[in-house]
Each structure stands twice: as C-alpha cells, then as structure tokens.
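*Asks:* So here's final-v4.txt (compact mmCIF, C-alpha atoms and all ligand atoms).
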# COMPACT_ATOMS: atom_id res chain seq x y z
CA MET A 1 -7.79 -6.61 -16.95
CA LYS A 2 -8.18 -10.36 -16.61
CA LYS A 3 -10.93 -11.68 -14.39
CA GLU A 4 -8.57 -13.06 -11.74
CA GLU A 5 -6.78 -9.75 -11.29
CA ARG A 6 -9.99 -7.75 -11.36
CA LYS A 7 -11.21 -9.81 -8.43
CA GLN A 8 -8.62 -8.14 -6.23
CA LEU A 9 -9.75 -4.70 -7.38
CA ILE A 10 -13.26 -4.95 -6.03
CA THR A 11 -13.50 -1.19 -5.47
CA TYR A 12 -13.05 -0.75 -9.24
CA ARG A 13 -15.09 -3.71 -10.40
CA ASN A 14 -17.97 -3.16 -8.02
CA PRO A 15 -17.76 0.28 -6.38
CA THR A 16 -21.04 0.00 -4.53
CA SER A 17 -20.52 -3.47 -2.99
CA PRO A 18 -20.36 -3.84 0.81
CA VAL A 19 -16.61 -4.50 0.57
CA SER A 20 -16.10 -1.28 -1.40
CA GLU A 21 -18.11 0.53 1.26
CA GLN A 22 -15.70 -0.87 3.85
CA PHE A 23 -12.79 0.58 1.91
CA LYS A 24 -14.51 3.97 1.87
CA THR A 25 -14.93 3.65 5.64
CA ILE A 26 -11.20 2.99 5.95
CA ARG A 27 -10.56 6.05 3.80
CA THR A 28 -12.79 8.19 6.00
CA SER A 29 -11.16 6.88 9.16
CA ILE A 30 -7.71 7.71 7.80
CA ASP A 31 -8.88 11.20 6.89
CA PHE A 32 -10.31 11.72 10.37
CA SER A 33 -7.16 10.53 12.06
CA ALA A 34 -5.19 13.30 10.31
CA VAL A 35 -5.77 16.07 12.80
CA ASP A 36 -3.53 18.92 11.70
CA SER A 37 -3.03 18.23 8.04
CA ALA A 38 -4.00 15.40 5.67
CA PHE A 39 -1.60 12.50 5.31
CA GLN A 40 0.31 12.75 2.08
CA THR A 41 2.18 9.48 2.34
CA ILE A 42 0.81 6.23 3.71
CA LEU A 43 2.54 2.87 3.99
CA VAL A 44 0.73 -0.46 4.14
CA THR A 45 2.46 -3.33 5.87
CA SER A 46 1.72 -6.45 7.91
CA PRO A 47 3.47 -8.77 10.33
CA GLU A 48 3.76 -11.58 7.76
CA ALA A 49 3.22 -12.45 4.09
CA GLY A 50 -0.20 -13.17 2.63
CA SER A 51 -2.18 -10.97 4.98
CA GLY A 52 -3.57 -8.83 2.19
CA LYS A 53 -1.24 -5.81 2.18
CA SER A 54 -1.16 -5.51 -1.59
CA THR A 55 -4.90 -6.04 -1.97
CA ILE A 56 -5.63 -3.40 0.64
CA ALA A 57 -3.05 -0.92 -0.68
CA ALA A 58 -4.47 -1.22 -4.22
CA ASN A 59 -8.12 -0.85 -3.20
CA LEU A 60 -7.33 2.02 -0.87
CA ALA A 61 -5.53 3.76 -3.74
CA ILE A 62 -8.62 3.25 -5.90
CA VAL A 63 -11.13 4.67 -3.40
CA TYR A 64 -8.92 7.73 -2.92
CA ALA A 65 -8.63 8.15 -6.72
CA GLN A 66 -12.43 7.88 -6.96
CA GLN A 67 -12.60 10.97 -4.76
CA GLY A 68 -10.80 12.87 -7.51
CA LYS A 69 -7.44 13.05 -5.75
CA LYS A 70 -4.26 12.46 -7.70
CA ILE A 71 -2.90 9.19 -6.34
CA LEU A 72 0.29 7.20 -6.77
CA LEU A 73 0.61 3.59 -5.62
CA ILE A 74 4.26 2.57 -5.18
CA ASP A 75 5.33 -1.07 -5.10
CA GLY A 76 7.82 -0.89 -2.27
CA ASP A 77 7.91 -4.68 -2.02
CA LEU A 78 11.11 -5.18 -3.97
CA ARG A 79 11.16 -8.84 -2.91
CA LYS A 80 7.72 -10.08 -3.94
CA PRO A 81 6.25 -7.28 -6.05
CA THR A 82 2.66 -7.62 -7.28
CA VAL A 83 1.46 -4.13 -8.32
CA HIS A 84 2.50 -4.71 -11.96
CA LYS A 85 0.40 -7.90 -12.09
CA THR A 86 -2.62 -6.35 -10.46
CA PHE A 87 -2.66 -3.38 -12.84
CA PHE A 88 -1.12 -5.07 -15.92
CA LYS A 89 1.86 -2.77 -16.02
CA ASN A 90 5.50 -3.18 -16.92
CA MET A 91 7.43 -4.38 -13.89
CA TYR A 92 10.82 -3.51 -15.39
CA CYS A 93 10.17 0.19 -15.52
CA GLY A 94 9.84 1.12 -11.87
CA LEU A 95 11.24 2.02 -8.48
CA SER A 96 14.56 0.13 -8.56
CA ASN A 97 15.31 1.55 -12.02
CA VAL A 98 14.66 5.09 -10.81
CA LEU A 99 16.81 4.57 -7.71
CA THR A 100 19.70 3.36 -9.87
CA ASP A 101 19.32 6.26 -12.35
CA GLN A 102 18.32 4.04 -15.23
CA ILE A 103 15.11 5.90 -15.95
CA GLU A 104 13.54 9.23 -15.10
CA LEU A 105 10.93 9.33 -12.36
CA ASN A 106 8.21 10.77 -14.59
CA GLN A 107 8.78 8.01 -17.15
CA ALA A 108 8.46 5.36 -14.45
CA CYS A 109 5.10 6.50 -13.04
CA GLN A 110 2.56 4.69 -15.21
CA LYS A 111 -1.06 5.78 -15.59
CA THR A 112 -3.69 3.11 -14.99
CA GLU A 113 -7.12 2.69 -16.54
CA ILE A 114 -8.51 4.17 -13.34
CA ASP A 115 -8.84 7.96 -13.47
CA ASN A 116 -6.39 9.80 -11.18
CA LEU A 117 -4.44 6.64 -10.31
CA SER A 118 -0.85 6.05 -11.37
CA VAL A 119 1.47 3.28 -10.24
CA LEU A 120 5.20 3.01 -9.77
CA THR A 121 6.02 -0.68 -10.11
CA SER A 122 8.95 -2.33 -8.33
CA GLY A 123 11.34 -2.36 -11.26
CA ALA A 124 13.74 -5.28 -11.63
CA ILE A 125 14.23 -7.08 -8.32
CA PRO A 126 17.52 -5.78 -6.91
CA PRO A 127 20.00 -7.74 -4.75
CA ASN A 128 19.95 -5.05 -2.06
CA PRO A 129 16.38 -3.77 -1.55
CA ASN A 130 17.04 -2.52 1.95
CA GLU A 131 19.95 -0.27 1.00
CA MET A 132 18.01 1.05 -1.97
CA LEU A 133 14.97 1.93 0.10
CA SER A 134 17.06 3.65 2.78
CA SER A 135 19.04 5.70 0.26
CA ASN A 136 19.05 9.48 0.03
CA LYS A 137 17.81 9.05 -3.50
CA MET A 138 14.63 7.39 -2.14
CA THR A 139 14.02 10.31 0.22
CA ALA A 140 14.55 12.82 -2.59
CA MET A 141 12.27 10.82 -4.88
CA LEU A 142 9.44 10.86 -2.33
CA GLU A 143 9.85 14.62 -1.88
CA GLU A 144 9.57 15.10 -5.62
CA LEU A 145 6.50 12.84 -5.83
CA LYS A 146 4.82 14.74 -2.99
CA ARG A 147 4.87 17.85 -5.16
CA GLU A 148 3.14 15.94 -7.95
CA TYR A 149 0.56 13.77 -6.14
CA ASP A 150 -2.07 14.45 -3.48
CA LEU A 151 -1.48 11.08 -1.86
CA ILE A 152 1.16 8.38 -2.17
CA ILE A 153 0.44 4.85 -0.92
CA VAL A 154 3.37 2.47 -0.53
CA ASP A 155 2.97 -1.31 -0.54
CA THR A 156 5.77 -3.06 1.37
CA PRO A 157 7.10 -6.47 2.49
CA PRO A 158 6.11 -7.91 5.89
CA VAL A 159 7.62 -6.02 8.75
CA THR A 160 8.67 -8.87 11.05
CA ILE A 161 10.55 -10.64 8.25
CA VAL A 162 12.62 -7.87 6.66
CA SER A 163 13.17 -4.27 7.72
CA ASP A 164 12.34 -2.68 4.34
CA ALA A 165 8.99 -1.30 5.53
CA LEU A 166 10.67 0.19 8.59
CA VAL A 167 13.26 2.09 6.58
CA ILE A 168 10.57 3.49 4.28
CA ALA A 169 8.35 4.31 7.28
CA GLN A 170 10.86 6.88 8.44
CA GLU A 171 9.96 9.01 5.43
CA ILE A 172 6.22 8.41 5.66
CA ASP A 173 3.33 10.19 7.45
CA GLY A 174 1.43 7.13 8.68
CA VAL A 175 1.38 3.33 8.68
CA ILE A 176 -1.58 1.01 8.10
CA LEU A 177 -1.07 -2.43 9.62
CA THR A 178 -2.91 -5.29 7.95
CA VAL A 179 -3.58 -8.48 9.86
CA ARG A 180 -5.35 -11.59 8.64
CA TYR A 181 -8.29 -12.77 10.67
CA GLY A 182 -7.60 -16.14 12.29
CA VAL A 183 -4.11 -16.34 10.80
CA THR A 184 -1.87 -13.62 12.20
CA LEU A 185 -0.64 -14.53 15.66
CA LYS A 186 -1.09 -12.00 18.47
CA GLU A 187 2.60 -12.25 19.29
CA ARG A 188 3.48 -11.34 15.71
CA ILE A 189 1.17 -8.31 15.80
CA LYS A 190 2.80 -7.14 19.01
CA GLN A 191 6.24 -7.55 17.50
CA ALA A 192 5.21 -5.62 14.38
CA VAL A 193 3.72 -2.78 16.43
CA GLU A 194 6.89 -2.52 18.54
CA GLN A 195 9.05 -2.39 15.43
CA ILE A 196 6.90 0.26 13.75
CA ASN A 197 6.82 2.32 16.96
CA MET A 198 10.60 2.50 16.85
CA THR A 199 10.38 4.48 13.61
CA ARG A 200 8.22 7.09 15.39
CA THR A 201 5.84 7.08 12.45
CA PRO A 202 2.30 6.70 13.79
CA ILE A 203 0.21 3.62 13.08
CA ILE A 204 -2.89 5.37 11.77
CA GLY A 205 -4.99 2.24 11.58
CA THR A 206 -5.18 -1.52 11.57
CA VAL A 207 -7.13 -3.47 8.99
CA LEU A 208 -8.40 -6.87 10.06
CA ASN A 209 -8.62 -8.69 6.76
CA GLY A 210 -10.56 -11.83 5.94
CA VAL A 211 -13.42 -11.65 8.40
CA SER A 212 -16.26 -13.64 6.83
CA GLU A 213 -19.08 -11.62 5.30
CA LYS A 214 -21.48 -12.98 7.87
CA LYS A 215 -19.39 -11.68 10.73
CA SER A 216 -18.60 -8.37 9.14
CA ASN A 217 -18.24 -7.24 5.60
CA TYR A 218 -14.97 -8.94 4.71
CA TYR A 219 -12.76 -6.22 6.02
CA TYR A 220 -12.90 -4.59 9.36
CA TYR A 221 -11.12 -1.44 10.29
CA ALA A 222 -9.99 -0.93 13.84
CA TYR A 223 -9.67 2.77 14.36
CA LYS A 224 -6.83 3.75 16.61
N1 LIG B 1 -10.08 -11.01 2.54
C1 LIG B 1 -9.63 -11.85 1.62
N2 LIG B 1 -10.35 -12.94 1.28
C2 LIG B 1 -9.89 -13.82 0.35
N3 LIG B 1 -8.70 -13.69 -0.28
C3 LIG B 1 -7.95 -12.62 0.03
C4 LIG B 1 -8.37 -11.64 0.98
N4 LIG B 1 -7.40 -10.69 1.07
C5 LIG B 1 -6.44 -11.06 0.22
N5 LIG B 1 -6.75 -12.21 -0.41
C6 LIG B 1 -5.93 -12.98 -1.36
O1 LIG B 1 -4.81 -13.51 -0.64
C7 LIG B 1 -3.63 -13.47 -1.43
C8 LIG B 1 -2.57 -12.63 -0.69
O2 LIG B 1 -3.00 -11.29 -0.65
P1 LIG B 1 -2.00 -10.08 -0.90
O3 LIG B 1 -2.81 -8.85 -0.90
O4 LIG B 1 -1.14 -10.33 -2.09
O5 LIG B 1 -1.14 -10.21 0.44
P2 LIG B 1 0.30 -9.64 0.84
O6 LIG B 1 0.58 -8.50 -0.07
O7 LIG B 1 0.15 -9.25 2.27
O8 LIG B 1 1.27 -10.78 0.67
C9 LIG B 1 -4.03 -12.88 -2.76
O9 LIG B 1 -4.24 -13.92 -3.68
C10 LIG B 1 -5.33 -12.13 -2.49
O10 LIG B 1 -6.16 -12.07 -3.61
MG MG B 2 2.14 -8.04 -1.32
Could I get this structure in the form of structure tokens?
*Replies:*
Amino acid sequence: MKKEERKQLITYRNPTSPVSEQFKTIRTSIDFSAVDSAFQTILVTSPEAGSGKSTIAANLAIVYAQQGKKILLIDGDLRKPTVHKTFFKNMYCGLSNVLTDQIELNQACQKTEIDNLSVLTSGAIPPNPNEMLSSNKMTAMLEELKREYDLIIVDTPPVTIVSDALVIAQEIDGVILTVRYGVTLKERIKQAVEQINMTRTPIIGTVLNGVSEKKSNYYYYAYK
C-alpha cells in the first residue's frame, strides 16, 4: 500500500498506537452493547461528508479481523466510494455489479493483505444507488454474506444528504454514527439521529472523530 493510504489504516500500520487502542475500545464497546447475541451487521454513517466514516469503518474492520473473526467491509457509498482506494482493490468488481447480476457474489468479495479481512468495493457508480440498495437482491445478498462472514461492516454516504444509509439500515443490526469534533453541527446530529431512529435499527454507538491527541486520543467513543 502507498504511504498516503496506509496512513488511514493506522490499526494495520501501527496496531499498538494509542489510536489503535481507541479502535479496540470501540470494538469492545460494540461487543458489550450486543446483549442477546453479537451484532453480525454494522453500518457506519454520519450526518455529513468528511466526518471520517470510511476511515472508521476500515479501521474497525481491521481490529475485528485482528481478533481472528472473518470480516467483510462493504462499500455501500455508491456515490463517493473509497474502499477500493484504501485497500488498493478493483472498484469495478463490486456491489453494483453483483446487484445487477454482472458478477457472482463470491467473485466480487476480494481478499485484502490483512488476514481475515475481505472487501466488497462499490462497483461502477450506478445512476440509481438508492433503488439498488433498497432492492430485494440487496437483502438476499446480505443474507448470503451473513452465512459466510462473522461480521459485515457497511460504509455508507451521509445520512442527512441522501437516504441510502437509511434504506440499508433496515437490513442491519446496528448503526455507528460518526461525528467530527468541532465541525458537525448539533442540529445536524439531531436530524441524523431522528432519521436513523425511524428505521428502528438501534444506534449502537457514536464516534466523535478528530479530537486532538492532547484532549483525548484522536477518537473518542461515546457509549450509548
Ligand atoms: N481524525 C482525523 N484526523 C485527521 N484526518 C482525518 C481524521 N479522520 C479522517 N480524516 C481524513 O479526512 C478525510 C475524510 O475522511 P473519510 O473517512 O473519507 O470521511 P467520510 O467517509 O465520512 O467522507 C480523509 O482524507 C481522512 O484521511
Ligand atoms: Mg466515505
């Protein structure tokens, strides 16, 4: 991986750093919030773009894979996908191609250099992401993947801008809401929470991203 991309994957590059420890704390908090049975599908979203959804989804996927669990990270952001860049994978062999029957699901899930971690990239950017993500085919695909993987983490677009994350959330066990310290407006957070609550999928945690290392250790997890 190139240096720039590796920077985002701190849990891989430097697994014992304070930031990586914070990701393990998030992992533990998620595990503790699953009372009856472990979450098998988690979605990461945020009120607006640039709050660190993709960075957090990728690092969370890595710390779970480091535990020896079989993990799949899905790029559900069919508008501004980044998973292929972060992991140096083929973008054009992914989710949208599976949903339009162009390729088989098992061909589309690509192994990464990280043990136990596979990714499903966005595929070619479609004109109708919302319809694709709300299709029966998407539901069936997730069911099939749940038989194959211990945990599936889905990266999504911002929730107050398009409803893609909300349609996926209906098929998902829990939502992680990422907000950027000093950037995300309270009003926007409230709006995002209200929208997610309408799906009846629980918000299992909120990650406050971008807190300076002096104040905290870069990421802070508010346990709900
Ligand atoms: N805590 C942070 N400190 C500094 N840069 C960050 C932090 N979190 C994310 N970034 C950077 O901000 C940019 C947007 O992050 P990204 O995870 O792609 O956000 P989103 O998926 O919500 O749009 C990326 O370049 C990423 O490397
Ligand atoms: Mg993103």
*Asks:* Would you compute the distance between CA of Ser135 in chain A and CA of Ala38 in chain A? Give it in Å to one decimal.
*Replies:*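 About the pair CA of Ser135 in chain A and CA of Ala38 in chain A: they are 25.6 Å apart.
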*Asks:* Please determine, counting all atoms listed in the file, which residue among A:Pro127, A:Pro202, A:Gly52, A:Pro18 has the shortest atom-to-atom distance to ligand MG 2 (chain B).
*Replies:*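 Ranking A:Pro127, A:Pro202, A:Gly52, A:Pro18 by distance to ligand MG 2 (chain B), first place goes to A:Gly52.
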*Asks:* Would you tabulate, counting all atoms listed in the file, all residues of chain A that have an atom at most 8 Å from an atom of ligand LIG 1 (chain B), showing the closest pair of atoms and their distance in Å to one decimal, sorted by chain then ascending number, as a tab-separated table?
*Replies:*
residue	atom	partner	partner_atom	distance
A:Lys7	CA	B:LIG1	O10	7.3
A:Gln8	CA	B:LIG1	O10	5.3
A:Thr45	CA	B:LIG1	O7	7.3
A:Ser46	CA	B:LIG1	O7	6.5
A:Glu48	CA	B:LIG1	O7	7.0
A:Ala49	CA	B:LIG1	O8	4.3
A:Gly50	CA	B:LIG1	O8	3.4
A:Ser51	CA	B:LIG1	O7	4.0
A:Gly52	CA	B:LIG1	O3	3.2
A:Lys53	CA	B:LIG1	O7	3.7
A:Ser54	CA	B:LIG1	O6	3.8
A:Thr55	CA	B:LIG1	O3	3.7
A:Ile56	CA	B:LIG1	O3	6.3
A:Ala57	CA	B:LIG1	O3	7.9
A:Lys80	CA	B:LIG1	O8	8.0
A:Thr82	CA	B:LIG1	O4	7.0
A:Asp155	CA	B:LIG1	O6	7.6
A:Thr156	CA	B:LIG1	O6	7.7
A:Pro157	CA	B:LIG1	O6	7.3
A:Pro158	CA	B:LIG1	O7	7.1
A:Thr178	CA	B:LIG1	O7	7.6
A:Arg180	CA	B:LIG1	N1	7.7
A:Asn209	CA	B:LIG1	N1	5.0
A:Gly210	CA	B:LIG1	N1	3.5
A:Val211	CA	B:LIG1	N1	6.8
A:Ser212	CA	B:LIG1	N1	8.0
A:Tyr218	CA	B:LIG1	N1	5.7
A:Tyr219	CA	B:LIG1	N1	6.5
*Asks:* Using Å and a single decimal, report how far CA of Leu151 in chain A sits from CA of Gln40 in chain A.
*Replies:*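 If I compute the distance from CA of Gln40 in chain A to CA of Leu151 in chain A, I get 4.6 Å.
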*Asks:* Find the residue from A:Leu208, A:Leu60, A:Ile30, A:Val154 that sits nearest to ligand MG 2 (chain B); use only C-alpha atoms and all ligand atoms when measuring.
*Replies:*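 Checking each candidate against ligand MG 2 (chain B), we get A:Val154 as the closest.
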*Asks:* Skipping near chain neighbours, those fewer than 4 positions away, what residues fall within 12 Å of Ala34 in chain A using only C-alpha atoms, listed as a list in words?
*Replies:*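 Contacts, with the query itself left out: Arg27, Thr28, Ser29, Ile30, Ala38, Phe39, Gln40, Thr41, Ile42, Asp173, Gly174, Pro202, Ile203, Ile204, Gly205 and Lys224 of chain A.
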*Asks:* Please indicate the distance in Å from CA of Asp150 in chain A to CA of Leu166 in chain A, rounded to one decimal place.
*Replies:*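 It comes out at 22.6 Å.
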*Asks:* Hey, which of A:Leu145, A:Ala58, A:Val183, A:Val207 ends up closest to ligand MG 2 (chain B)? Count all atoms listed in the file.
*Replies:*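 Counting all atoms listed in the file, the residue closest to ligand MG 2 (chain B) is A:Ala58.
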*Asks:* Give me, as JSON, numbers by chain, all polymer residues having an atom no more than 9 Å from Ile168 in chain A, counting only C-alpha atoms and skipping those fewer than 2 positions away in the same chain.
*Replies:* {"A": [43, 76, 133, 134, 138, 139, 154, 156, 163, 164, 165, 166, 170, 171, 172]}
*Asks:* Ranking A:Ile10, A:Thr199, A:Pro47, A:Met132 by minimum distance to Ile161 in chain A and counting all atoms listed in the file, which one comes first?
*Replies:*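 With all atoms listed in the file as the atom set, the closest residue is A:Pro47.
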*Asks:* If you count only C-alpha atoms, which residues fall within 10 Å of Cys93 in chain A, apart from same-chain ones fewer than 2 positions away, as a PyMOL selection string?
*Replies:* chain A and resi 84+89-91+95-98+102-105+107-110+120-124
*Asks:* For ligand MG 2 (chain B), which of A:Met198, A:Val44, A:Leu99, A:Leu185 is the closest residue, counting only C-alpha atoms and all ligand atoms?
*Replies:*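 That would be A:Val44, the residue with the smallest distance to ligand MG 2 (chain B).
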*Asks:* Extract, using only C-alpha atoms, all DNA, RNA and protein residues at most 8 Å from Val119 in chain A, discarding same-chain residues fewer than 3 positions from it, and format them as a PyMOL selection string.
*Replies:* chain A and resi 72-75+83+109-112
*Asks:* Out of A:Lys24, A:Arg13, A:Lys70, A:Lys85, which residue has the shortest atom-to-atom distance to ligand MG 2 (chain B) when counting all atoms listed in the file?
*Replies:*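 Once distances to ligand MG 2 (chain B) are computed over all atoms listed in the file, the minimum belongs to A:Lys85.
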